[in-house]
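Chemist: Take a look at entry-v7.cif, mmCIF, C-alpha atoms:
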data_entry
loop_
_atom_site.group_PDB
_atom_site.id
_atom_site.type_symbol
_atom_site.label_atom_id
_atom_site.label_comp_id
_atom_site.auth_asym_id
_atom_site.auth_seq_id
_atom_site.Cartn_x
_atom_site.Cartn_y
_atom_site.Cartn_z
ATOM 1 C CA MET A 27 -6.638 46.975 45.165
ATOM 2 C CA SER A 28 -6.135 44.250 42.543
ATOM 3 C CA HIS A 29 -2.854 42.933 41.208
ATOM 4 C CA ASP A 30 -2.076 41.071 38.003
ATOM 5 C CA PHE A 31 -0.016 38.045 38.998
ATOM 6 C CA THR A 32 1.928 35.988 36.481
ATOM 7 C CA GLU A 33 0.529 32.495 36.147
ATOM 8 C CA LEU A 34 2.722 29.454 36.726
ATOM 9 C CA HIS A 35 2.564 28.548 33.030
ATOM 10 C CA ASP A 36 4.510 31.743 32.328
ATOM 11 C CA PHE A 37 7.551 29.951 33.768
ATOM 12 C CA PRO A 38 7.773 26.726 31.709
ATOM 13 C CA GLU A 39 11.134 25.860 33.251
ATOM 14 C CA LEU A 40 9.359 25.165 36.560
ATOM 15 C CA HIS A 41 7.495 22.317 34.843
ATOM 16 C CA SER A 42 10.600 20.839 33.289
ATOM 17 C CA THR A 43 11.854 17.472 34.480
ATOM 18 C CA GLU A 44 15.394 18.594 33.703
ATOM 19 C CA LEU A 45 15.771 21.497 36.090
ATOM 20 C CA GLN A 46 19.122 23.225 36.087
ATOM 21 C CA PRO A 47 20.781 24.089 39.431
ATOM 22 C CA ASP A 48 19.832 27.760 39.072
ATOM 23 C CA ALA A 49 16.384 27.187 37.584
ATOM 24 C CA TYR A 50 14.663 28.830 40.540
ATOM 25 C CA HIS A 51 17.128 31.729 40.808
ATOM 26 C CA PHE A 52 15.867 34.889 39.131
ATOM 27 C CA SER A 53 17.725 38.186 39.318
ATOM 28 C CA PRO A 54 15.585 41.256 40.178
ATOM 29 C CA ASP A 55 15.891 42.563 36.594
ATOM 30 C CA ASP A 56 14.980 39.229 34.958
ATOM 31 C CA PRO A 57 12.400 39.997 32.189
ATOM 32 C CA ARG A 58 10.394 36.959 33.262
ATOM 33 C CA LEU A 59 9.511 38.843 36.460
ATOM 34 C CA ARG A 60 8.236 42.002 34.791
ATOM 35 C CA ASP A 61 4.600 41.193 35.659
ATOM 36 C CA VAL A 62 5.270 39.865 39.187
ATOM 37 C CA ASP A 63 4.554 42.103 42.172
ATOM 38 C CA PRO A 64 8.053 42.902 43.574
ATOM 39 C CA ARG A 65 6.812 42.270 47.102
ATOM 40 C CA PHE A 66 6.658 38.584 46.259
ATOM 41 C CA VAL A 67 10.182 38.353 44.868
ATOM 42 C CA ILE A 68 12.933 37.151 47.215
ATOM 43 C CA ASP A 69 16.637 36.419 46.803
ATOM 44 C CA PHE A 70 16.879 32.788 47.866
ATOM 45 C CA ALA A 71 20.043 30.737 48.194
ATOM 46 C CA SER A 72 20.245 27.183 49.493
ATOM 47 C CA TYR A 73 22.915 25.877 51.886
ATOM 48 C CA ASP A 74 24.474 22.447 52.039
ATOM 49 C CA ASP A 75 23.828 20.139 54.970
ATOM 50 C CA ILE A 76 26.181 20.371 57.945
ATOM 51 C CA ASP A 77 28.263 17.719 59.657
ATOM 52 C CA GLU A 78 26.366 17.432 62.938
ATOM 53 C CA SER A 79 29.304 15.713 64.637
ATOM 54 C CA THR A 80 31.429 18.874 64.461
ATOM 55 C CA GLN A 81 29.064 21.608 63.280
ATOM 56 C CA ARG A 82 25.860 23.390 64.193
ATOM 57 C CA TRP A 83 23.874 26.216 62.700
ATOM 58 C CA THR A 84 24.681 29.547 64.293
ATOM 59 C CA THR A 85 23.063 30.049 67.703
ATOM 60 C CA TRP A 86 23.112 33.856 67.363
ATOM 61 C CA TYR A 87 19.362 33.977 66.717
ATOM 62 C CA ASP A 88 18.545 31.286 69.286
ATOM 63 C CA VAL A 89 19.245 33.639 72.188
ATOM 64 C CA GLU A 90 17.440 36.751 73.362
ATOM 65 C CA PRO A 91 18.866 40.160 72.429
ATOM 66 C CA LEU A 92 20.054 40.691 76.021
ATOM 67 C CA CYS A 93 22.155 37.550 75.660
ATOM 68 C CA ARG A 94 24.180 39.117 72.834
ATOM 69 C CA GLY A 95 27.223 41.322 73.238
ATOM 70 C CA PRO A 96 27.024 45.064 73.841
ATOM 71 C CA GLU A 97 26.726 47.539 71.005
ATOM 72 C CA PRO A 98 28.441 48.895 69.050
ATOM 73 C CA ARG A 99 29.720 45.443 68.149
ATOM 74 C CA PRO A 100 33.123 44.856 66.569
ATOM 75 C CA ASP A 101 33.044 44.402 62.795
ATOM 76 C CA TRP A 102 34.264 40.820 63.085
ATOM 77 C CA VAL A 103 31.114 39.567 64.854
ATOM 78 C CA VAL A 104 29.257 37.276 62.417
ATOM 79 C CA THR A 105 25.463 37.676 62.526
ATOM 80 C CA SER A 106 24.494 35.968 59.243
ATOM 81 C CA ARG A 107 21.553 33.576 59.559
ATOM 82 C CA GLY A 108 23.367 31.187 57.243
ATOM 83 C CA ALA A 109 26.477 31.003 59.439
ATOM 84 C CA ILE A 110 27.772 27.661 60.717
ATOM 85 C CA ASP A 111 29.657 27.027 63.961
ATOM 86 C CA THR A 112 32.479 24.507 63.506
ATOM 87 C CA GLU A 113 34.303 22.909 66.426
ATOM 88 C CA LEU A 114 38.087 23.255 66.147
ATOM 89 C CA GLY A 115 39.128 21.595 69.409
ATOM 90 C CA ILE A 116 39.761 22.230 73.082
ATOM 91 C CA LEU A 117 41.863 25.254 73.974
ATOM 92 C CA LYS A 118 42.057 24.787 77.751
ATOM 93 C CA THR A 119 40.480 22.702 80.496
ATOM 94 C CA GLY A 120 39.677 24.006 83.954
ATOM 95 C CA LYS A 121 37.992 23.058 87.211
ATOM 96 C CA GLU A 122 34.674 24.676 86.404
ATOM 97 C CA ALA A 123 34.723 25.079 82.629
ATOM 98 C CA ASP A 124 36.501 24.119 79.432
ATOM 99 C CA ALA A 125 37.468 26.549 76.671
ATOM 100 C CA HIS A 126 36.981 25.420 73.070
ATOM 101 C CA LEU A 127 37.791 27.087 69.755
ATOM 102 C CA VAL A 128 34.789 27.540 67.462
ATOM 103 C CA GLU A 129 34.784 29.024 63.967
ATOM 104 C CA ARG A 130 31.645 30.890 62.924
ATOM 105 C CA GLY A 131 31.275 31.713 59.272
ATOM 106 C CA ASP A 132 28.834 31.849 56.394
ATOM 107 C CA PRO A 133 29.873 29.403 53.629
ATOM 108 C CA ARG A 134 28.849 32.060 51.099
ATOM 109 C CA ASP A 135 31.100 34.637 52.761
ATOM 110 C CA PRO A 136 34.170 32.621 53.865
ATOM 111 C CA ASP A 137 36.494 35.619 54.027
ATOM 112 C CA ASN A 138 34.600 36.993 57.030
ATOM 113 C CA ALA A 139 34.633 33.837 59.162
ATOM 114 C CA VAL A 140 35.910 34.302 62.714
ATOM 115 C CA VAL A 141 37.339 31.994 65.366
ATOM 116 C CA MET A 142 36.009 32.526 68.888
ATOM 117 C CA VAL A 143 36.472 30.981 72.316
ATOM 118 C CA ALA A 144 33.502 28.986 73.596
ATOM 119 C CA LYS A 145 33.748 28.759 77.379
ATOM 120 C CA ARG A 146 31.481 25.917 78.494
ATOM 121 C CA TYR A 147 30.737 25.455 82.154
ATOM 122 C CA ARG A 148 30.307 21.927 83.404
ATOM 123 C CA ASP A 149 27.157 20.694 85.076
ATOM 124 C CA THR A 150 26.883 20.513 88.857
ATOM 125 C CA ASP A 151 28.075 16.892 88.962
ATOM 126 C CA HIS A 152 31.368 17.587 87.169
ATOM 127 C CA ARG A 153 32.629 20.828 88.633
ATOM 128 C CA THR A 154 33.865 22.268 91.893
ATOM 129 C CA PHE A 155 33.264 25.688 93.404
ATOM 130 C CA GLN A 156 35.967 26.191 95.963
ATOM 131 C CA ARG A 157 35.406 29.194 98.262
ATOM 132 C CA SER A 158 32.236 29.969 96.276
ATOM 133 C CA ALA A 159 30.477 31.353 99.351
ATOM 134 C CA LEU A 160 33.231 33.943 99.807
ATOM 135 C CA TYR A 161 32.853 35.184 96.244
ATOM 136 C CA THR A 162 29.064 35.309 96.219
ATOM 137 C CA GLU A 163 28.622 37.325 99.394
ATOM 138 C CA GLY A 164 26.903 40.550 98.503
ATOM 139 C CA ARG A 165 25.201 39.016 95.469
ATOM 140 C CA SER A 166 21.482 38.338 95.496
ATOM 141 C CA MET A 167 18.938 36.571 93.329
ATOM 142 C CA LYS A 168 15.498 37.836 92.442
ATOM 143 C CA ARG A 169 13.701 35.039 94.290
ATOM 144 C CA SER A 170 14.353 34.616 98.006
ATOM 145 C CA ARG A 171 13.776 30.864 97.741
ATOM 146 C CA ASP A 172 16.723 30.641 95.330
ATOM 147 C CA ASN A 173 18.923 32.533 97.783
ATOM 148 C CA ARG A 174 17.926 30.135 100.565
ATOM 149 C CA ALA A 175 18.546 27.105 98.350
ATOM 150 C CA VAL A 176 22.061 28.308 97.478
ATOM 151 C CA LYS A 177 22.901 28.937 101.140
ATOM 152 C CA ALA A 178 21.514 25.503 102.116
ATOM 153 C CA LYS A 179 23.537 23.861 99.288
ATOM 154 C CA SER A 180 20.512 21.810 98.254
ATOM 155 C CA THR A 181 20.299 20.109 94.859
ATOM 156 C CA TRP A 182 18.400 23.081 93.439
ATOM 157 C CA GLY A 183 20.792 25.401 95.211
ATOM 158 C CA ARG A 184 23.757 23.806 93.430
ATOM 159 C CA VAL A 185 21.990 24.221 90.091
ATOM 160 C CA MET A 186 21.327 27.886 90.843
ATOM 161 C CA ALA A 187 24.925 28.371 92.022
ATOM 162 C CA ALA A 188 26.226 26.896 88.771
ATOM 163 C CA GLY A 189 24.071 29.318 86.806
ATOM 164 C CA GLN A 190 25.371 32.159 88.943
ATOM 165 C CA TRP A 191 28.913 31.607 87.715
ATOM 166 C CA VAL A 192 27.878 31.715 84.057
ATOM 167 C CA SER A 193 25.742 34.828 84.453
ATOM 168 C CA SER A 194 28.357 36.441 86.697
ATOM 169 C CA GLU A 195 31.099 36.095 84.092
ATOM 170 C CA TRP A 196 28.790 37.240 81.299
ATOM 171 C CA GLU A 197 27.724 40.357 83.191
ATOM 172 C CA ALA A 198 31.306 41.061 84.284
ATOM 173 C CA LEU A 199 32.580 40.820 80.711
ATOM 174 C CA LYS A 200 29.866 43.155 79.436
ATOM 175 C CA ARG A 201 30.417 45.682 82.205
ATOM 176 C CA CYS A 202 34.195 45.631 81.891
ATOM 177 C CA TRP A 203 33.968 46.005 78.108
ATOM 178 C CA ALA A 204 31.651 48.996 78.547
ATOM 179 C CA LEU A 205 34.206 50.527 80.934
ATOM 180 C CA GLY A 206 36.864 50.222 78.255
ATOM 181 C CA LEU A 207 38.807 47.588 80.174
ATOM 182 C CA PRO A 208 41.097 45.122 78.368
ATOM 183 C CA VAL A 209 38.867 42.029 78.350
ATOM 184 C CA PRO A 210 37.716 39.763 75.501
ATOM 185 C CA TYR A 211 34.606 41.015 73.743
ATOM 186 C CA PRO A 212 31.614 38.928 74.939
ATOM 187 C CA VAL A 213 29.755 37.746 71.824
ATOM 188 C CA GLN A 214 26.833 35.866 73.351
ATOM 189 C CA VAL A 215 25.721 33.610 76.191
ATOM 190 C CA ASP A 216 23.570 30.549 75.625
ATOM 191 C CA GLY A 217 22.825 28.369 78.636
ATOM 192 C CA SER A 218 26.163 27.267 80.071
ATOM 193 C CA GLU A 219 28.198 28.504 77.076
ATOM 194 C CA ILE A 220 29.782 31.929 76.665
ATOM 195 C CA LEU A 221 31.192 32.833 73.250
ATOM 196 C CA MET A 222 33.884 35.491 73.400
ATOM 197 C CA GLU A 223 36.748 37.031 71.477
ATOM 198 C CA TRP A 224 39.819 34.854 70.875
ATOM 199 C CA ILE A 225 42.907 36.823 71.910
ATOM 200 C CA THR A 226 45.800 36.006 69.587
ATOM 201 C CA VAL A 227 49.358 36.915 68.659
ATOM 202 C CA ASP A 228 50.379 36.127 65.079
ATOM 203 C CA GLY A 229 47.405 33.810 64.667
ATOM 204 C CA GLU A 230 48.105 31.813 67.822
ATOM 205 C CA THR A 231 46.557 32.025 71.280
ATOM 206 C CA ALA A 232 48.209 34.808 73.241
ATOM 207 C CA PRO A 233 50.462 33.459 76.019
ATOM 208 C CA ARG A 234 49.679 33.950 79.661
ATOM 209 C CA LEU A 235 51.665 36.680 81.345
ATOM 210 C CA ALA A 236 53.290 34.019 83.524
ATOM 211 C CA GLN A 237 54.824 32.462 80.391
ATOM 212 C CA THR A 238 56.536 35.644 79.233
ATOM 213 C CA ARG A 239 59.868 37.300 80.018
ATOM 214 C CA PRO A 240 59.437 40.896 78.848
ATOM 215 C CA ASP A 241 62.355 43.317 78.704
ATOM 216 C CA PRO A 242 62.435 46.088 81.362
ATOM 217 C CA ALA A 243 60.647 48.653 79.180
ATOM 218 C CA LEU A 244 57.814 46.294 78.268
ATOM 219 C CA LEU A 245 57.635 45.022 81.861
ATOM 220 C CA TRP A 246 57.022 48.553 83.119
ATOM 221 C CA MET A 247 54.443 49.122 80.367
ATOM 222 C CA TYR A 248 52.625 45.941 81.416
ATOM 223 C CA PHE A 249 52.584 47.050 85.053
ATOM 224 C CA GLU A 250 51.168 50.462 84.177
ATOM 225 C CA GLN A 251 48.437 48.854 82.063
ATOM 226 C CA LEU A 252 47.513 46.506 84.863
ATOM 227 C CA ARG A 253 47.553 49.240 87.493
ATOM 228 C CA GLU A 254 45.198 51.344 85.387
ATOM 229 C CA ALA A 255 42.865 48.394 84.732
ATOM 230 C CA VAL A 256 42.617 47.402 88.407
ATOM 231 C CA ALA A 257 42.064 51.045 89.394
ATOM 232 C CA THR A 258 39.276 51.425 86.822
ATOM 233 C CA MET A 259 37.588 48.285 88.117
ATOM 234 C CA ALA A 260 37.848 49.525 91.712
ATOM 235 C CA GLN A 261 36.338 52.884 90.754
ATOM 236 C CA ALA A 262 33.395 50.935 89.328
ATOM 237 C CA GLY A 263 33.151 48.919 92.550
ATOM 238 C CA LEU A 264 34.596 45.739 91.020
ATOM 239 C CA VAL A 265 37.410 43.413 92.069
ATOM 240 C CA HIS A 266 38.622 40.567 89.868
ATOM 241 C CA GLY A 267 38.902 38.268 92.877
ATOM 242 C CA ASP A 268 41.380 35.796 91.414
ATOM 243 C CA LEU A 269 43.858 37.953 89.524
ATOM 244 C CA SER A 270 47.312 36.567 88.810
ATOM 245 C CA ALA A 271 49.824 36.242 85.989
ATOM 246 C CA TYR A 272 47.971 33.072 84.955
ATOM 247 C CA ASN A 273 44.712 34.763 83.961
ATOM 248 C CA ILE A 274 46.249 37.722 82.166
ATOM 249 C CA LEU A 275 47.149 37.317 78.491
ATOM 250 C CA ALA A 276 50.107 39.095 76.900
ATOM 251 C CA ALA A 277 48.862 40.057 73.442
ATOM 252 C CA GLY A 278 51.994 41.682 72.062
ATOM 253 C CA ASP A 279 52.478 44.957 73.902
ATOM 254 C CA ARG A 280 49.068 44.922 75.594
ATOM 255 C CA LEU A 281 47.554 42.882 78.414
ATOM 256 C CA VAL A 282 44.094 41.283 78.381
ATOM 257 C CA ILE A 283 42.389 40.128 81.580
ATOM 258 C CA ILE A 284 40.429 36.864 81.416
ATOM 259 C CA ASP A 285 38.516 34.484 83.739
ATOM 260 C CA LEU A 286 35.991 36.774 85.410
ATOM 261 C CA PRO A 287 33.278 34.547 86.974
ATOM 262 C CA GLN A 288 34.369 35.310 90.546
ATOM 263 C CA VAL A 289 34.288 39.124 90.233
ATOM 264 C CA VAL A 290 33.216 40.555 93.591
ATOM 265 C CA ASP A 291 31.697 43.810 94.764
ATOM 266 C CA LEU A 292 34.398 45.925 96.392
ATOM 267 C CA VAL A 293 31.939 47.338 98.935
ATOM 268 C CA GLY A 294 29.007 44.911 98.905
ATOM 269 C CA ASN A 295 31.208 41.907 99.655
ATOM 270 C CA PRO A 296 32.490 42.020 103.273
ATOM 271 C CA GLN A 297 35.850 40.724 102.042
ATOM 272 C CA GLY A 298 36.042 42.914 98.951
ATOM 273 C CA MET A 299 39.080 44.814 100.234
ATOM 274 C CA ASP A 300 40.851 41.583 101.124
ATOM 275 C CA PHE A 301 40.257 40.233 97.639
ATOM 276 C CA LEU A 302 41.687 43.407 96.119
ATOM 277 C CA LEU A 303 44.803 43.260 98.271
ATOM 278 C CA ARG A 304 45.286 39.589 97.435
ATOM 279 C CA ASP A 305 44.958 40.317 93.701
ATOM 280 C CA LEU A 306 47.596 43.033 94.002
ATOM 281 C CA ALA A 307 49.906 40.800 96.032
ATOM 282 C CA ASN A 308 49.678 38.108 93.348
ATOM 283 C CA VAL A 309 50.541 40.383 90.438
ATOM 284 C CA CYS A 310 53.142 42.464 92.304
ATOM 285 C CA GLY A 311 54.873 39.256 93.343
ATOM 286 C CA TRP A 312 55.148 38.228 89.703
ATOM 287 C CA PHE A 313 56.490 41.627 88.626
ATOM 288 C CA ARG A 314 59.091 41.526 91.419
ATOM 289 C CA SER A 315 60.177 38.077 90.224
ATOM 290 C CA ARG A 316 60.886 39.692 86.839
ATOM 291 C CA GLY A 317 62.975 42.475 88.386
ATOM 292 C CA LEU A 318 60.455 45.299 88.835
ATOM 293 C CA GLU A 319 60.379 46.571 92.413
ATOM 294 C CA VAL A 320 56.723 47.244 93.202
ATOM 295 C CA ASP A 321 54.832 46.980 96.474
ATOM 296 C CA GLU A 322 51.237 45.756 96.722
ATOM 297 C CA HIS A 323 50.504 47.828 99.839
ATOM 298 C CA ASP A 324 51.565 51.072 98.156
ATOM 299 C CA LEU A 325 49.545 50.128 95.075
ATOM 300 C CA PHE A 326 46.541 49.210 97.233
ATOM 301 C CA ALA A 327 46.656 52.609 98.945
ATOM 302 C CA ASP A 328 46.837 54.442 95.615
ATOM 303 C CA ILE A 329 43.928 52.485 94.125
ATOM 304 C CA ILE A 330 41.682 52.948 97.180
ATOM 305 C CA ALA A 331 42.491 56.661 97.219
ATOM 306 C CA THR A 332 41.330 57.032 93.612
ATOM 307 C CA ALA A 333 38.293 54.763 94.075
ATOM 308 C CA PHE A 334 36.692 56.766 96.888
#
Would you kindly transcribe this structure into structure tokens?
Modeler:
Amino acid sequence: MSHDFTELHDFPELHSTELQPDAYHFSPDDPRLRDVDPRFVIDFASYDDIDESTQRWTTWYDVEPLCRGPEPRPDWVVTSRGAIDTELGILKTGKEADAHLVERGDPRDPDNAVVMVAKRYRDTDHRTFQRSALYTEGRSMKRSRDNRAVKAKSTWGRVMAAGQWVSSEWEALKRCWALGLPVPYPVQVDGSEILMEWITVDGETAPRLAQTRPDPALLWMYFEQLREAVATMAQAGLVHGDLSAYNILAAGDRLVIIDLPQVVDLVGNPQGMDFLLRDLANVCGWFRSRGLEVDEHDLFADIIATAF
């Protein structure tokens, strides 16, 4: 099949030495394109250079599909190829990772930009994994040599252990989100960085539960939310492993659970039950300090009864 293509001389403006900014921009109904095969017409728009000291081009398309958040995705997730990630500063520092605020937005669609939390795990020389062996019991890697290296705490074993924490939190976030649990939406994972939803109240980072003093009605509502969340996790065979009022956010009248790298298997981990009871003791202790009489042993019995 032959096609009649418009010759370059049909577009004299392309030969001009005084090109206007939009000289190359033709709308689909431009009469100058009437003889051009529509398959060769594209809508092209250029982007300005970025400030590499504080910005990067979006990494959404740098990762494999399995490294992106579960579908259906929230409407606020930005997937434009022209989006730019801009560093806004450190939100929180920790023993194993630091949390940064990153804005992702397309300069041509600024109204839909979104601020996310970028949790970046440190390398093996700048982080500590206290009681890591207790948390990782019951977990396994695909290659037996990697399992042996982790147990021997060799150099390669420490590298693999560090990767375990990143992948563990990523998988835990995805699984908890799929279960309908109150956790930040996991946007993507790229190496040692996890991008996730920024939980806010009136445009500011939501406070930790430990920082709040809710009235009796809200206190009881918080406890019921937390009881339901822990029970749902247990029914799925999951235990947070380090739950306390310091890794629960109070986003208005709802709670959001964060910091999930140490999630353990309730049955597969020999100490899974102990971890669950400790989690409940931590949160029940906080609720009692605020005037709500709850008992971790009674709660533990109720949760185990519903889980099995």
Chemist: Here's the selection I'm unsure about, the PyMOL selection byres ((chain A and resi 122) around 6); applied to the file above, which residues does it give, as an MDAnalysis selection string?
Modeler: chainID A and resid 120:121 123 147:148 153
Chemist: At a cut-off of 9 Å, using only C-alpha atoms, what residues contact region 124-140 of chain A? Leave out same-chain residues fewer than 3 positions from it and give the result as an MDAnalysis selection string.
Modeler: chainID A and resid 73:74 84 102:121 143:148 221 224
Chemist: Apply the PyMOL selection byres ((chain A and resi 242-257) around 10) to the file shown and report the selected residues as a PyMOL selection string.
Modeler: chain A and resi 202+205-209+235+238-241+258-266+269+274+276+278-283+302+305-306+309-310+313+316-318+320+325-326+328-333
Chemist: Find the residues with any atom within 10 Å of (47.5, 30.3, 74.8); use all atoms listed in the file and the coordinates as given in the file, and write the answer as a list in words.
Modeler: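 Residues lying no farther than 10 Å from the given point: Leu117, Lys118, Trp224, Ile225, Thr226, Val227, Glu230, Thr231, Ala232, Pro233, Arg234, Gln237, Leu275, Ala276 and Ala277 of chain A.
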Chemist: Could you jot down the CA of Gly217 (chain A) to CA of Glu195 (chain A) separation for me, Å, one decimal place?
Modeler: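 Those two atoms sit 12.6 Å apart.
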Chemist: As an MDAnalysis selection string, please: the residues near Gly267 (chain A) (cut-off 12 Å, all atoms listed in the file, same-chain neighbours under 5 positions excluded).
Modeler: chainID A and resid 157:158 160:162 195 198 256 259:260 273 283:292 295 297:308
Chemist: Mind pulling up the distance from CA of Tyr211 (chain A) to CA of Gly294 (chain A)?
Modeler: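 Spanning CA of Gly294 (chain A) to CA of Tyr211 (chain A) is a straight-line distance of 26.1 Å.
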Chemist: What is the CA of Pro296 (chain A)-CA of Trp196 (chain A) distance in Å, reported with one decimal?
Modeler: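 Spanning CA of Pro296 (chain A) to CA of Trp196 (chain A) is a straight-line distance of 22.8 Å.
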Chemist: From the list A:Leu199, A:Ile220, A:Ala327, A:Ala204, which residue is nearest Trp86 (chain A) when using only C-alpha atoms?
Modeler: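 Of the candidates, the smallest distance to Trp86 (chain A) is held by A:Ile220.
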